[in-house]
file entry-v5.csv (CSV, C-alpha atoms)
chain,number,residue,atom,x,y,z
A,28,MET,CA,0.0,0.0,0.0
A,29,GLY,CA,1.6,3.3,-1.1
A,30,ASN,CA,2.5,6.2,1.1
A,31,GLN,CA,2.6,9.2,-1.1
A,32,LEU,CA,0.1,11.1,-3.3
A,33,ARG,CA,0.6,12.9,-6.6
A,34,PRO,CA,0.4,16.7,-6.0
A,35,TRP,CA,-2.1,17.3,-8.8
A,36,TRP,CA,-4.7,15.3,-6.9
A,37,ARG,CA,-4.9,18.1,-4.4
A,38,ARG,CA,-6.9,20.2,-6.8
A,39,LEU,CA,-9.9,18.0,-6.3
A,40,GLY,CA,-10.9,19.3,-2.9
A,41,LEU,CA,-14.6,20.0,-2.5
A,42,GLY,CA,-14.5,21.3,1.0
A,43,LEU,CA,-14.7,20.2,4.6
A,44,GLY,CA,-18.5,19.9,4.2
A,45,MET,CA,-18.1,16.9,2.1
A,46,VAL,CA,-15.8,15.3,4.7
A,47,ALA,CA,-18.5,15.9,7.3
A,48,LEU,CA,-21.0,14.2,5.0
A,49,MET,CA,-18.6,11.2,4.7
A,50,LEU,CA,-18.1,10.9,8.4
A,51,GLY,CA,-21.8,10.8,9.0
A,52,MET,CA,-22.3,7.9,6.6
A,53,VAL,CA,-20.0,5.3,8.0
A,54,VAL,CA,-21.9,2.0,8.0
A,55,PHE,CA,-21.1,-1.1,10.0
A,56,TYR,CA,-22.4,-4.5,8.8
A,57,ASP,CA,-22.1,-8.1,9.7
A,58,VAL,CA,-21.4,-10.5,6.9
A,59,SER,CA,-23.1,-13.9,6.9
A,60,SER,CA,-21.2,-17.0,6.0
A,61,GLY,CA,-24.5,-18.4,4.8
A,62,ALA,CA,-24.0,-16.5,1.5
A,63,GLN,CA,-21.5,-19.2,0.4
A,64,SER,CA,-24.3,-21.6,-0.4
A,65,GLU,CA,-25.7,-19.2,-2.9
A,66,VAL,CA,-22.8,-19.4,-5.3
A,67,GLY,CA,-22.4,-23.2,-5.4
A,68,ASP,CA,-19.0,-24.1,-6.8
A,69,LEU,CA,-17.3,-20.8,-5.9
A,70,LYS,CA,-15.7,-22.2,-2.8
A,71,VAL,CA,-12.3,-20.7,-1.8
A,72,ASP,CA,-9.5,-23.2,-1.3
A,73,GLY,CA,-7.5,-22.1,1.8
A,74,GLY,CA,-4.7,-24.5,0.9
A,75,ARG,CA,-4.1,-22.7,-2.4
A,76,LEU,CA,-4.0,-19.3,-0.7
A,77,SER,CA,-1.4,-20.6,1.6
A,78,VAL,CA,0.7,-22.0,-1.2
A,79,HIS,CA,0.5,-18.7,-3.1
A,80,LEU,CA,1.6,-16.8,0.0
A,81,THR,CA,4.6,-19.0,0.5
A,82,GLN,CA,5.7,-18.5,-3.1
A,83,LEU,CA,5.0,-14.7,-3.2
A,84,ALA,CA,6.2,-13.5,0.2
A,85,THR,CA,9.7,-12.4,-0.7
A,86,GLU,CA,10.8,-8.9,-1.3
A,87,ARG,CA,9.3,-7.8,-4.7
A,88,TYR,CA,11.0,-4.6,-5.4
A,89,SER,CA,14.0,-5.1,-7.7
A,90,ASN,CA,13.5,-5.7,-11.4
A,91,LEU,CA,14.6,-9.3,-11.0
A,92,ALA,CA,12.3,-10.0,-8.1
A,93,LEU,CA,9.4,-8.4,-10.0
A,94,ALA,CA,10.2,-10.5,-13.0
A,95,ARG,CA,10.2,-13.7,-10.9
A,96,THR,CA,6.8,-12.7,-9.4
A,97,ARG,CA,5.4,-12.1,-12.9
A,98,ALA,CA,6.7,-15.5,-14.0
A,99,TYR,CA,4.8,-17.2,-11.1
A,100,LEU,CA,1.6,-15.3,-11.8
A,101,ILE,CA,1.8,-16.2,-15.5
A,102,GLN,CA,2.5,-19.9,-14.7
A,103,GLU,CA,-0.5,-20.1,-12.3
A,104,LEU,CA,-2.9,-18.2,-14.6
A,105,ARG,CA,-2.0,-20.4,-17.6
A,106,SER,CA,-2.6,-23.5,-15.4
A,107,TYR,CA,-6.1,-22.3,-14.9
A,108,GLY,CA,-6.7,-21.9,-18.7
A,109,TYR,CA,-5.9,-18.2,-19.2
A,110,GLU,CA,-3.4,-16.5,-21.5
A,111,PRO,CA,-2.2,-13.5,-19.5
A,112,MET,CA,-1.7,-10.2,-21.3
A,113,ALA,CA,1.2,-7.9,-20.4
A,114,GLN,CA,0.9,-4.1,-20.5
A,115,PRO,CA,4.3,-2.5,-20.0
A,116,PHE,CA,4.4,1.2,-19.0
A,117,GLY,CA,7.0,3.9,-18.5
A,118,PRO,CA,10.0,5.0,-20.6
A,119,GLY,CA,12.3,2.1,-19.4
A,120,ASP,CA,15.3,4.3,-19.5
A,121,GLY,CA,16.8,3.0,-16.3
A,122,SER,CA,15.8,6.0,-14.2
A,123,SER,CA,13.4,6.1,-11.3
A,124,ASP,CA,10.6,6.0,-14.0
A,125,SER,CA,11.8,2.7,-15.3
A,126,VAL,CA,9.4,0.4,-17.1
A,127,GLY,CA,6.8,-1.5,-15.1
A,128,THR,CA,4.4,-4.3,-16.3
A,129,ASN,CA,0.8,-4.9,-15.5
A,130,LEU,CA,-0.6,-8.4,-16.1
A,131,SER,CA,-4.3,-9.0,-17.0
A,132,VAL,CA,-6.6,-11.9,-17.8
A,133,ILE,CA,-10.2,-11.8,-19.1
A,134,ARG,CA,-13.0,-14.3,-18.9
A,135,LEU,CA,-15.9,-13.2,-21.1
A,136,GLY,CA,-19.4,-13.0,-19.8
A,137,THR,CA,-22.2,-15.0,-21.4
A,138,GLN,CA,-25.1,-12.5,-21.6
A,139,ASP,CA,-23.5,-9.1,-21.5
A,140,PRO,CA,-19.8,-9.5,-22.4
A,141,ASP,CA,-19.3,-5.9,-23.3
A,142,HIS,CA,-19.7,-4.9,-19.7
A,143,ARG,CA,-17.1,-6.0,-17.2
A,144,ILE,CA,-16.0,-6.0,-13.6
A,145,LEU,CA,-12.4,-5.6,-12.8
A,146,VAL,CA,-10.6,-7.1,-9.8
A,147,GLY,CA,-7.1,-5.7,-9.1
A,148,ALA,CA,-4.2,-6.2,-6.7
A,149,HIS,CA,-0.7,-4.8,-6.8
A,150,TYR,CA,2.1,-7.4,-6.8
A,151,ASP,CA,5.1,-5.3,-5.8
A,152,SER,CA,6.4,-4.7,-2.2
A,153,VAL,CA,8.5,-2.0,-0.6
A,154,ALA,CA,12.2,-2.6,-0.3
A,155,GLY,CA,13.2,-4.6,2.7
A,156,SER,CA,9.8,-6.3,3.3
A,157,PRO,CA,8.6,-9.7,2.1
A,158,GLY,CA,5.2,-8.1,1.9
A,159,ALA,CA,3.1,-11.1,3.0
A,160,ASP,CA,0.1,-8.9,3.8
A,161,ASP,CA,1.2,-6.0,1.6
A,162,ASN,CA,0.3,-7.3,-0.9
A,163,ALA,CA,0.9,-11.0,-1.4
A,164,SER,CA,-2.4,-11.7,0.6
A,165,ALA,CA,-4.4,-9.8,-2.0
A,166,VAL,CA,-2.5,-11.2,-5.0
A,167,ALA,CA,-3.3,-14.7,-3.6
A,168,ALA,CA,-6.9,-13.8,-3.3
A,169,ALA,CA,-7.0,-12.4,-6.9
A,170,LEU,CA,-5.4,-15.6,-8.2
A,171,GLU,CA,-8.1,-17.6,-6.4
A,172,VAL,CA,-10.8,-15.3,-8.0
A,173,ALA,CA,-9.3,-16.0,-11.4
A,174,ARG,CA,-9.3,-19.8,-10.8
A,175,LEU,CA,-12.8,-20.0,-9.4
A,176,PHE,CA,-14.4,-18.0,-12.2
A,177,VAL,CA,-12.5,-19.4,-15.2
A,178,ASN,CA,-15.3,-22.0,-15.9
A,179,TYR,CA,-18.1,-20.4,-13.9
A,180,PRO,CA,-20.5,-18.6,-16.3
A,181,THR,CA,-21.6,-15.1,-15.4
A,182,ASP,CA,-23.5,-12.5,-17.4
A,183,LYS,CA,-20.8,-9.9,-17.4
A,184,THR,CA,-17.1,-10.2,-18.2
A,185,LEU,CA,-14.5,-10.6,-15.5
A,186,GLN,CA,-11.1,-9.0,-15.7
A,187,VAL,CA,-8.3,-9.7,-13.2
A,188,VAL,CA,-5.4,-7.3,-13.2
A,189,PHE,CA,-2.1,-7.5,-11.3
A,190,PHE,CA,-0.7,-3.9,-11.0
A,191,ASP,CA,3.0,-3.1,-10.8
A,192,GLN,CA,4.7,-0.3,-8.9
A,193,GLU,CA,1.9,0.6,-6.5
A,194,GLU,CA,4.4,1.2,-3.8
A,195,LEU,CA,6.7,4.1,-3.5
A,196,GLN,CA,9.5,3.8,-6.0
A,197,PRO,CA,12.8,5.6,-5.9
A,198,GLU,CA,12.3,9.4,-5.9
A,199,GLY,CA,8.7,9.2,-7.0
A,200,ALA,CA,5.1,8.5,-6.0
A,201,GLY,CA,3.4,5.1,-6.2
A,202,LEU,CA,0.2,4.0,-8.0
A,203,ARG,CA,2.1,3.9,-11.2
A,204,GLY,CA,0.7,0.7,-12.6
A,205,SER,CA,-3.0,1.6,-11.9
A,206,ASN,CA,-2.4,5.1,-13.3
A,207,ALA,CA,-0.9,3.7,-16.4
A,208,PHE,CA,-3.8,1.3,-16.7
A,209,VAL,CA,-6.6,3.9,-16.5
A,210,ASN,CA,-4.7,6.2,-18.9
A,211,ARG,CA,-4.3,3.6,-21.6
A,212,PRO,CA,-6.8,3.9,-24.4
A,213,GLY,CA,-9.5,1.2,-24.4
A,214,ASN,CA,-8.8,-0.1,-20.8
A,215,LEU,CA,-11.9,1.7,-19.4
A,216,ASP,CA,-14.2,0.9,-22.3
A,217,GLY,CA,-17.1,-1.1,-20.9
A,218,LEU,CA,-15.8,-1.1,-17.4
A,219,ASP,CA,-18.6,-1.0,-14.9
A,220,SER,CA,-16.6,-1.0,-11.7
A,221,ALA,CA,-13.3,-2.0,-10.1
A,222,VAL,CA,-12.7,-4.0,-6.9
A,223,ILE,CA,-9.2,-3.4,-5.6
A,224,LEU,CA,-7.8,-5.8,-3.1
A,225,GLU,CA,-5.3,-4.3,-0.6
A,226,MET,CA,-3.9,-6.3,2.3
A,227,LEU,CA,-6.4,-9.0,3.4
A,228,GLY,CA,-4.7,-11.3,5.8
A,229,TYR,CA,-4.1,-9.6,9.1
A,230,ALA,CA,-6.5,-9.6,12.1
A,231,CYS,CA,-6.2,-8.7,15.7
A,232,TYR,CA,-8.6,-9.5,18.5
A,233,GLU,CA,-7.5,-7.4,21.5
A,234,PRO,CA,-9.6,-4.4,22.4
A,235,GLY,CA,-7.8,-1.3,21.2
A,236,CYS,CA,-5.7,-3.0,18.6
A,237,GLN,CA,-7.6,-1.3,15.8
A,238,SER,CA,-7.0,2.4,15.0
A,239,TYR,CA,-8.4,4.7,12.4
A,240,PRO,CA,-7.3,7.7,10.3
A,241,ALA,CA,-7.7,11.2,11.8
A,242,GLY,CA,-11.3,12.2,11.7
A,243,LEU,CA,-12.8,8.7,12.1
A,244,GLU,CA,-11.7,8.0,15.7
A,245,GLN,CA,-14.9,9.3,17.2
A,246,GLN,CA,-17.2,7.1,15.1
A,247,ASP,CA,-18.9,4.1,16.5
A,248,LEU,CA,-16.4,1.6,15.0
A,249,PRO,CA,-14.9,-1.6,16.2
A,250,SER,CA,-11.9,-1.4,18.6
A,251,GLN,CA,-10.8,-4.9,17.5
A,252,GLY,CA,-9.3,-5.6,14.1
A,253,ASP,CA,-11.5,-8.6,13.3
A,254,PHE,CA,-13.4,-7.1,10.3
A,255,ILE,CA,-12.7,-6.2,6.7
A,256,GLY,CA,-13.0,-2.6,5.6
A,257,VAL,CA,-14.5,-1.5,2.3
A,258,LEU,CA,-14.0,2.1,0.9
A,259,GLY,CA,-16.1,3.2,-2.0
A,260,ASP,CA,-16.5,6.5,-3.8
A,261,ALA,CA,-19.7,8.3,-2.7
A,262,GLU,CA,-20.6,8.9,-6.3
A,263,HIS,CA,-21.4,5.1,-6.8
A,264,PRO,CA,-23.4,4.1,-3.7
A,265,ASP,CA,-24.9,1.0,-5.4
A,266,LEU,CA,-21.4,-0.5,-5.8
A,267,LEU,CA,-20.6,0.0,-2.1
A,268,ALA,CA,-24.0,-1.3,-1.1
A,269,ALA,CA,-23.2,-4.6,-3.0
A,270,PHE,CA,-20.6,-5.3,-0.3
A,271,ALA,CA,-23.1,-5.3,2.5
A,272,THR,CA,-26.7,-6.4,1.8
A,273,GLU,CA,-29.5,-6.4,4.2
A,274,GLU,CA,-30.5,-10.0,3.8
A,275,GLU,CA,-27.1,-11.0,5.2
A,276,LEU,CA,-28.2,-9.7,8.6
A,277,ALA,CA,-30.9,-12.4,9.0
A,278,SER,CA,-28.8,-15.1,10.6
A,279,PRO,CA,-26.6,-13.8,13.4
A,280,GLU,CA,-25.5,-17.2,14.5
A,281,GLU,CA,-23.9,-17.8,11.1
A,282,ARG,CA,-21.8,-14.6,10.9
A,283,THR,CA,-18.1,-15.3,10.7
A,284,LEU,CA,-16.8,-12.0,9.2
A,285,ARG,CA,-17.7,-8.4,9.8
A,286,ALA,CA,-17.5,-5.6,7.3
A,287,VAL,CA,-17.3,-1.9,7.7
A,288,THR,CA,-18.2,0.1,4.6
A,289,LEU,CA,-17.3,3.8,4.1
A,290,PRO,CA,-18.5,6.1,1.3
A,291,VAL,CA,-15.8,8.6,0.5
A,292,PRO,CA,-16.4,11.8,-1.5
A,293,VAL,CA,-13.5,12.1,-4.0
A,294,GLY,CA,-13.1,15.7,-2.9
A,295,ALA,CA,-12.1,14.6,0.6
A,296,LEU,CA,-8.5,13.9,-0.6
A,297,PRO,CA,-6.9,17.0,0.9
A,298,PHE,CA,-8.5,16.4,4.2
A,299,MET,CA,-8.2,12.6,4.6
A,300,PRO,CA,-5.2,11.4,2.5
A,301,ASP,CA,-5.0,8.1,4.2
A,302,LEU,CA,-8.2,7.0,2.3
A,303,PHE,CA,-6.5,7.6,-1.0
A,304,ARG,CA,-3.4,5.5,-0.8
A,305,SER,CA,-4.1,2.5,-3.1
A,306,ASP,CA,-5.0,1.6,-6.7
A,307,HIS,CA,-8.7,2.4,-6.3
A,308,VAL,CA,-7.9,6.1,-6.6
A,309,PRO,CA,-7.0,6.4,-10.3
A,310,PHE,CA,-10.3,4.8,-11.1
A,311,TRP,CA,-12.1,7.3,-8.9
A,312,LEU,CA,-10.4,10.1,-10.7
A,313,LYS,CA,-11.6,8.8,-14.0
A,314,GLY,CA,-15.2,8.6,-12.7
A,315,VAL,CA,-15.2,4.8,-12.6
A,316,GLY,CA,-16.9,3.3,-9.5
A,317,ALA,CA,-14.4,1.5,-7.4
A,318,VAL,CA,-14.1,-0.1,-4.0
A,319,MET,CA,-11.0,-1.0,-2.0
A,320,VAL,CA,-11.3,-4.0,0.2
A,321,THR,CA,-8.7,-4.0,3.0
A,322,ASP,CA,-7.7,-5.1,6.5
A,323,THR,CA,-6.9,-1.4,7.1
A,324,ALA,CA,-3.1,-1.7,6.7
A,325,ASN,CA,-1.0,0.2,9.2
A,326,PHE,CA,-4.1,1.1,11.3
A,327,ARG,CA,-4.1,-2.6,12.4
A,328,ASN,CA,-1.0,-4.4,11.2
A,329,PRO,CA,2.2,-3.4,13.1
A,330,ASN,CA,4.3,-5.1,10.5
A,331,TYR,CA,3.3,-2.7,7.7
A,332,HIS,CA,6.2,-2.0,5.4
A,333,ARG,CA,8.6,-3.9,7.7
A,334,SER,CA,10.7,-7.0,7.4
A,335,SER,CA,8.3,-8.6,9.9
A,336,ASP,CA,5.5,-8.7,7.3
A,337,THR,CA,5.8,-12.4,7.0
A,338,VAL,CA,3.4,-15.3,6.3
A,339,GLU,CA,3.7,-16.4,9.9
A,340,SER,CA,2.2,-13.0,11.1
A,341,LEU,CA,-1.0,-13.5,9.1
A,342,ASP,CA,-4.3,-15.1,10.1
A,343,LEU,CA,-4.9,-17.6,7.2
A,344,ASP,CA,-8.5,-18.3,8.4
A,345,PHE,CA,-9.3,-14.6,8.2
A,346,LEU,CA,-7.7,-14.4,4.7
A,347,GLY,CA,-9.9,-17.3,3.6
A,348,GLN,CA,-13.0,-15.7,4.9
A,349,THR,CA,-12.1,-12.4,3.3
A,350,THR,CA,-11.4,-14.0,0.0
A,351,GLN,CA,-14.8,-15.8,0.1
A,352,TYR,CA,-16.5,-12.6,1.0
A,353,VAL,CA,-15.0,-11.0,-2.2
A,354,VAL,CA,-15.9,-14.0,-4.4
A,355,ASP,CA,-19.5,-14.0,-3.2
A,356,ARG,CA,-19.9,-10.3,-4.0
A,357,LEU,CA,-18.2,-10.6,-7.4
A,358,GLU,CA,-20.7,-13.3,-8.3
A,359,ARG,CA,-23.5,-10.8,-7.7
A,360,LEU,CA,-21.8,-7.9,-9.5
A,361,LEU,CA,-21.2,-10.1,-12.5
A,362,THR,CA,-24.9,-10.8,-12.8
A,363,VAL,CA,-27.2,-8.6,-14.8
A,364,SER,CA,-30.0,-7.4,-12.5
call {"tool": "encode", "arguments": {"input": "entry-v5.csv", "output": "structure tokens"}}
result
Amino acid sequence: MGNQLRPWWRRLGLGLGMVALMLGMVVFYDVSSGAQSEVGDLKVDGGRLSVHLTQLATERYSNLALARTRAYLIQELRSYGYEPMAQPFGPGDGSSDSVGTNLSVIRLGTQDPDHRILVGAHYDSVAGSPGADDNASAVAAALEVARLFVNYPTDKTLQVVFFDQEELQPEGAGLRGSNAFVNRPGNLDGLDSAVILEMLGYACYEPGCQSYPAGLEQQDLPSQGDFIGVLGDAEHPDLLAAFATEEELASPEERTLRAVTLPVPVGALPFMPDLFRSDHVPFWLKGVGAVMVTDTANFRNPNYHRSSDTVESLDLDFLGQTTQYVVDRLERLLTVS
């Protein structure tokens, strides 16, 4: 998860009034595990997630390490039946703006293939960190999404994208891969919405272990980090609503994962920059509805951007539940209502 923001984003401020509106709209939901039965064969394999984490959780910062990571992703995606597409970006002149590569696979819809839902996760890490949570956990989840849906018919088209250079690169800002993606002609054609996965595997259960960005501390939010957070742009409320539906509140005894959803006005950037640190933001700035699904990064995980961000520090059951949560909602988003 990146730390820095591009200065030109700061022109988007709409005022503190929008921030006040956002803070008044924080919604807390419980998520029912019973939803799994609705999607039949779309059952997450926790063993596969663990294998991916083991393979991916090494420093993914140098060109060589990133190339090895891409090779693993391509190998796995081909084993599922896809032919990954590479989209290089940047001048590649050896400077801090050296070339990066996004990877993408597409599985066409059956009824409305011209409309698609994108699932994205960045595969790079910061220097000095194995990046198990940031962001191997989300890459593993995205691989599992690709595997589960490859032969599962849905109305709309599914695209899974693995972004490069989300993290801070030498002497520059991050979000490079996602910015390159949204600025490439044709990449946004037919794109209904984007679901960005950002750190999904860390949970904490002691009261007070969960913190929040400035401005959210006084909200009625959990003090334990046993939930998944979902940020969505306030301009596309239907997309955010798809990640917490009322019918899921009917069976409290079956709830295994909680979700907190937060609508964010795009103009709140100057006032709450911590909500604008991942690959959902370039989509917001292009007017595309997008959500970021996250375990809240450094507001929960003390290993954020450190050498201690290892597989052993993660809660693999929590990662499995979160991945299933994403899969179940994607099945709905890919259905023509």
call {"tool": "atom_distance", "arguments": {"input": "entry-v5.csv", "atom1": "CA of Pro329 in chain A", "atom2": "CA of Leu91 in chain A"}}
result
27.7 Å
call {"tool": "residues_near_point", "arguments": {"input": "entry-v5.csv", "point": "(-17.2, -0.3, -9.5)", "cutoff": "12 Å", "atoms": "only C-alpha atoms", "output": "MDAnalysis selection string"}}
result
chainID A and resid 142:147 215 217:223 258:270 307:308 310:311 313:320 356:357 360:361
call {"tool": "atom_distance", "arguments": {"input": "entry-v5.csv", "atom1": "CA of Pro290 in chain A", "atom2": "CA of Ala230 in chain A"}}
result
22.5 Å
call {"tool": "atom_distance", "arguments": {"input": "entry-v5.csv", "atom1": "CA of Gly155 in chain A", "atom2": "CA of His79 in chain A"}}
result
19.8 Å
call {"tool": "closest_residue", "arguments": {"input": "entry-v5.csv", "among": "A:His332, A:Ser364, A:Ala148, A:Gln246", "to": "Val172 in chain A", "atoms": "only C-alpha atoms"}}
result
A:Ala148
call {"tool": "closest_residue", "arguments": {"input": "entry-v5.csv", "among": "A:Ala113, A:Val126, A:Ala92, A:Ala324", "to": "Tyr229 in chain A", "atoms": "all atoms listed in the file"}}
result
A:Ala324
call {"tool": "residues_around", "arguments": {"input": "entry-v5.csv", "residues": "Ser77 in chain A", "least_positions_apart": "5", "cutoff": "10 Å", "atoms": "all atoms listed in the file", "output": "number ranges by chain"}}
result
A: 72, 82-83, 164, 167, 338, 343, 346-347
call {"tool": "closest_residue", "arguments": {"input": "entry-v5.csv", "among": "A:Thr283, A:Ser89, A:Ser305, A:Gln251", "to": "Gln351 in chain A", "atoms": "all atoms listed in the file"}}
result
A:Thr283
call {"tool": "closest_residue", "arguments": {"input": "entry-v5.csv", "among": "A:Thr362, A:Ser106, A:Thr137, A:Asn129", "to": "Gln192 in chain A", "atoms": "only C-alpha atoms"}}
result
A:Asn129
call {"tool": "build_atoms", "arguments": {"input": "entry-v5.csv", "residues": "range 73-82 of chain A", "atoms": "all heavy atoms", "output": "compact mmCIF listing (two decimals), keeping the file's coordinate frame"}}
result
# COMPACT_ATOMS: atom_id res chain seq x y z
N GLY A 73 -8.48 -22.69 0.88
CA GLY A 73 -7.50 -22.10 1.80
C GLY A 73 -6.10 -22.63 1.56
O GLY A 73 -5.11 -21.92 1.75
N GLY A 74 -5.98 -23.89 1.17
CA GLY A 74 -4.70 -24.50 0.90
C GLY A 74 -3.97 -23.78 -0.25
O GLY A 74 -2.75 -23.55 -0.20
N ARG A 75 -4.72 -23.44 -1.29
CA ARG A 75 -4.10 -22.70 -2.40
C ARG A 75 -3.66 -21.34 -2.01
O ARG A 75 -2.60 -20.87 -2.43
CB ARG A 75 -5.14 -22.62 -3.57
CG ARG A 75 -5.41 -23.94 -4.27
CD ARG A 75 -6.46 -23.77 -5.35
NE ARG A 75 -6.75 -25.01 -6.06
CZ ARG A 75 -6.12 -25.43 -7.15
NH1 ARG A 75 -5.16 -24.69 -7.66
NH2 ARG A 75 -6.46 -26.57 -7.72
N LEU A 76 -4.46 -20.66 -1.19
CA LEU A 76 -4.00 -19.30 -0.70
C LEU A 76 -2.72 -19.44 0.04
O LEU A 76 -1.83 -18.60 -0.14
CB LEU A 76 -5.12 -18.76 0.21
CG LEU A 76 -6.47 -18.40 -0.42
CD1 LEU A 76 -7.44 -17.94 0.66
CD2 LEU A 76 -6.31 -17.31 -1.48
N SER A 77 -2.58 -20.46 0.88
CA SER A 77 -1.40 -20.60 1.60
C SER A 77 -0.16 -20.90 0.74
O SER A 77 0.94 -20.34 0.96
CB SER A 77 -1.53 -21.81 2.63
OG SER A 77 -0.36 -22.01 3.38
N VAL A 78 -0.35 -21.70 -0.29
CA VAL A 78 0.70 -22.00 -1.20
C VAL A 78 1.17 -20.70 -1.94
O VAL A 78 2.36 -20.41 -2.09
CB VAL A 78 0.32 -23.05 -2.24
CG1 VAL A 78 1.34 -23.15 -3.38
CG2 VAL A 78 0.18 -24.40 -1.55
N HIS A 79 0.19 -19.91 -2.40
CA HIS A 79 0.50 -18.70 -3.10
C HIS A 79 1.32 -17.73 -2.14
O HIS A 79 2.31 -17.13 -2.57
CB HIS A 79 -0.75 -17.95 -3.53
CG HIS A 79 -1.50 -18.66 -4.61
ND1 HIS A 79 -0.88 -19.33 -5.63
CD2 HIS A 79 -2.85 -18.79 -4.83
CE1 HIS A 79 -1.80 -19.86 -6.44
NE2 HIS A 79 -2.99 -19.54 -5.97
N LEU A 80 0.88 -17.62 -0.91
CA LEU A 80 1.60 -16.80 0.00
C LEU A 80 3.04 -17.20 0.20
O LEU A 80 3.97 -16.38 0.22
CB LEU A 80 0.88 -16.78 1.39
CG LEU A 80 -0.38 -15.94 1.54
CD1 LEU A 80 -1.01 -16.19 2.89
CD2 LEU A 80 -0.07 -14.46 1.36
N THR A 81 3.25 -18.49 0.33
CA THR A 81 4.60 -19.00 0.50
C THR A 81 5.48 -18.68 -0.69
O THR A 81 6.66 -18.33 -0.53
CB THR A 81 4.55 -20.54 0.71
OG1 THR A 81 3.75 -20.84 1.87
CG2 THR A 81 5.94 -21.11 0.90
N GLN A 82 4.92 -18.75 -1.88
CA GLN A 82 5.70 -18.50 -3.10
C GLN A 82 5.92 -16.97 -3.29
O GLN A 82 6.97 -16.57 -3.80
CB GLN A 82 4.95 -19.03 -4.31
CG GLN A 82 4.85 -20.54 -4.34
CD GLN A 82 6.22 -21.19 -4.46
OE1 GLN A 82 7.08 -20.73 -5.20
NE2 GLN A 82 6.42 -22.28 -3.72
